[in-house]
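Novice: Below is the structure I would like to discuss, written out as structure tokens.
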Amino acid sequence: MNSTFTCSAQDHTLPISIRPENAADHPAVDAMIREAFWNLYRPGCDEHYTAHLLRNHEDFLPELTFVAEVDGQIIGSIMYARSWVTNEAGEKVDTLTFGPLCVHPAWQRRGVGTALIEHTRALAVQRGYPAILILGDPHNYCKHGFRTGKDLGVSMVDGRYPLGLLVLELRPGFFASSPRWAFQPSPVYEFDAAQAEAYDLRFPPKEKKHHYSQELFSMLVRAVVD
């Protein structure tokens with residue numbers, strides 16, 4: 001399923017298409033992911049390695065993985081994996097998690113990321129998934145309808161409610177069926193930092209720097225909701 005929208009660029013608009021990712025896209029997508037995340041959350045980044053691992057993992061959902069492109073150039077990407085929530089009765093339900101989600105720095109704040117989320121959200125609804133759960137920055141996702149897990153009774157498996165645990169109900173009222181739920185993301189997102197460093201050697205060298213956004217991220221990942 002493809003879609004098209006327009007995006008402003010200086011004094012005119014450009015048509016941008018959203019289409020499924022294919023194998024030929026992998027090098028361009030990984031390079032773009034690296035460019036988008038470099039020095040954002042840590043000196044360097046590992047999100048392009050996450051993408052590499054995800055495509056070869058059993059929890060990868062290629063039918064929900066899309067790119068945005070303009071004039072044949074890939075400028076955005078969203079990738080999905082299976083995740084799960086379990087209630088107090090032990091019932092385990094399949095859910096969705098996206099990430100990496102990114103837009104090339106030259107195209108950010110023009111609606112590309114929003115278009116990728118909305119496009120795949122509609123497909124997720126069609127497939128009957130009850131919710132999308134992510135670990136992300138509330139500033140980026142609350143505008144898309146995501147809520148803190150605490151307000152919906154969704155915690156991590158250890159019972160914590162991280163500030164970055166965000167939930168988008170695709171089936172309204174789904175989480176009201178049980179007072180407590182535990183979120184289990186795919187293990188694909190857990191890996192050795194040394195392996196990510198080794199993978200990055202495949203790409204042209206870039207300077208690693210410290211940036212204030214890294215301090216903000218460090219605060220975010222340690223914050224919990226009472």
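Residue numbering restarts at 1 for every chain of the structure tokens, chains are lettered A, B, ... in their displayed order, and ligands are numbered from 1 as they appear.
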Can you check which residues of segment 84-144 of chain A DSSP gives as strand (DSSP E) on the backbone and send them as a ChimeraX atom specification?

Specialist: /A:84-87,92-103,131-135

Novice: Please provide the set of residues having any atom within 8 Å of Val157 of chain A, restricted to only C-alpha atoms, with same-chain residues fewer than 4 positions apart removed, written as a PyMOL selection string.

Specialist: chain A and resi 182-184

Novice: Which neighbours of Ala193 of chain A fall inside 9 Å, counting only C-alpha atoms, when residues of the same chain fewer than 4 positions from it are skipped, and could you give them as a VMD selection string?

Specialist: chain A and resid 46 197 to 198

Novice: Output C-alpha atoms for every residue in that selection, as a short mmCIF file (atom, residue, chain, number, x, y, z; two decimals), in the first residue's frame.

Specialist:
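What ended up in result.cif:
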data_model
loop_
_atom_site.label_atom_id
_atom_site.label_comp_id
_atom_site.auth_asym_id
_atom_site.auth_seq_id
_atom_site.Cartn_x
_atom_site.Cartn_y
_atom_site.Cartn_z
CA ASP A 46 23.52 2.76 17.01
CA GLU A 197 30.54 -0.04 17.00
CA ALA A 198 31.90 -2.76 14.72
#

Novice: Determine, counting only C-alpha atoms, which protein, DNA and RNA residues have an atom within 7 Å of an atom of segment 78-90 of chain A; residues of the same chain fewer than 5 positions away are not included. Present the result as a PyMOL selection string.

Specialist: chain A and resi 59-61+64-67+95-102+116+178+180-186

Novice: Please determine, counting only C-alpha atoms, which residue among A:Asp151, A:Glu58, A:Asp94, A:Asp25 has the shortest atom-to-atom distance to Ile75 of chain A.

Specialist: A:Asp25

Novice: Using only C-alpha atoms, find the one residue out of A:His26, A:Lys208, A:Arg110, A:His104 that sits nearest to Asn56 of chain A.

Specialist: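 Closest to Asn56 of chain A of all the choices is A:His26.
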
Novice: Please provide as a ChimeraX atom specification all residues within 8 Å of Lys150 of chain A, with the sequence filter that same-chain residues fewer than 4 positions apart are discarded (counting only C-alpha atoms).

Specialist: /A:154-155,161,225-226

Novice: Let me see the file: selected residues, N, CA, C and O atoms, as a CSV table (one decimal), in the first residue's frame.

Specialist:
chain,number,residue,atom,x,y,z
A,154,VAL,N,-0.2,0.5,32.1
A,154,VAL,CA,0.8,-0.3,31.4
A,154,VAL,C,2.1,0.0,31.9
A,154,VAL,O,2.6,1.2,31.9
A,155,SER,N,2.8,-0.9,32.5
A,155,SER,CA,4.1,-0.8,33.0
A,155,SER,C,5.1,-1.6,32.3
A,155,SER,O,4.8,-2.4,31.4
A,161,TYR,N,7.1,2.6,35.6
A,161,TYR,CA,6.4,3.3,34.6
A,161,TYR,C,7.3,4.4,34.1
A,161,TYR,O,7.3,5.6,34.5
A,225,VAL,N,7.2,7.8,36.0
A,225,VAL,CA,5.9,8.5,36.3
A,225,VAL,C,5.3,7.9,37.6
A,225,VAL,O,5.2,6.7,37.8
A,226,ASP,N,5.0,8.8,38.6
A,226,ASP,CA,4.4,8.3,39.8
A,226,ASP,C,2.8,8.2,39.6
A,226,ASP,O,2.2,8.8,38.8

Novice: Within 10 Å of segment 29-45 of chain A, counting only C-alpha atoms, which residues qualify if same-chain residues fewer than 2 places away don't, as a PyMOL selection string?

Specialist: chain A and resi 21+24-27+47-52+67+73-78+100-106+108+193+196-197+200+203-204+206-218

Novice: Give me, please, the distance in Å between atom CA of Asn22 of chain A and atom CA of Tyr129 of chain A, quoted to one decimal.

Specialist: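 Calculated distance between atom CA of Asn22 of chain A and atom CA of Tyr129 of chain A is 23.3 Å.
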
Novice: Would you mind listing what lies within 10 Å of Gln126 of chain A as number ranges by chain, with only C-alpha atoms counted and same-chain residues fewer than 5 positions away left out?

Specialist: A: 120-121, 170
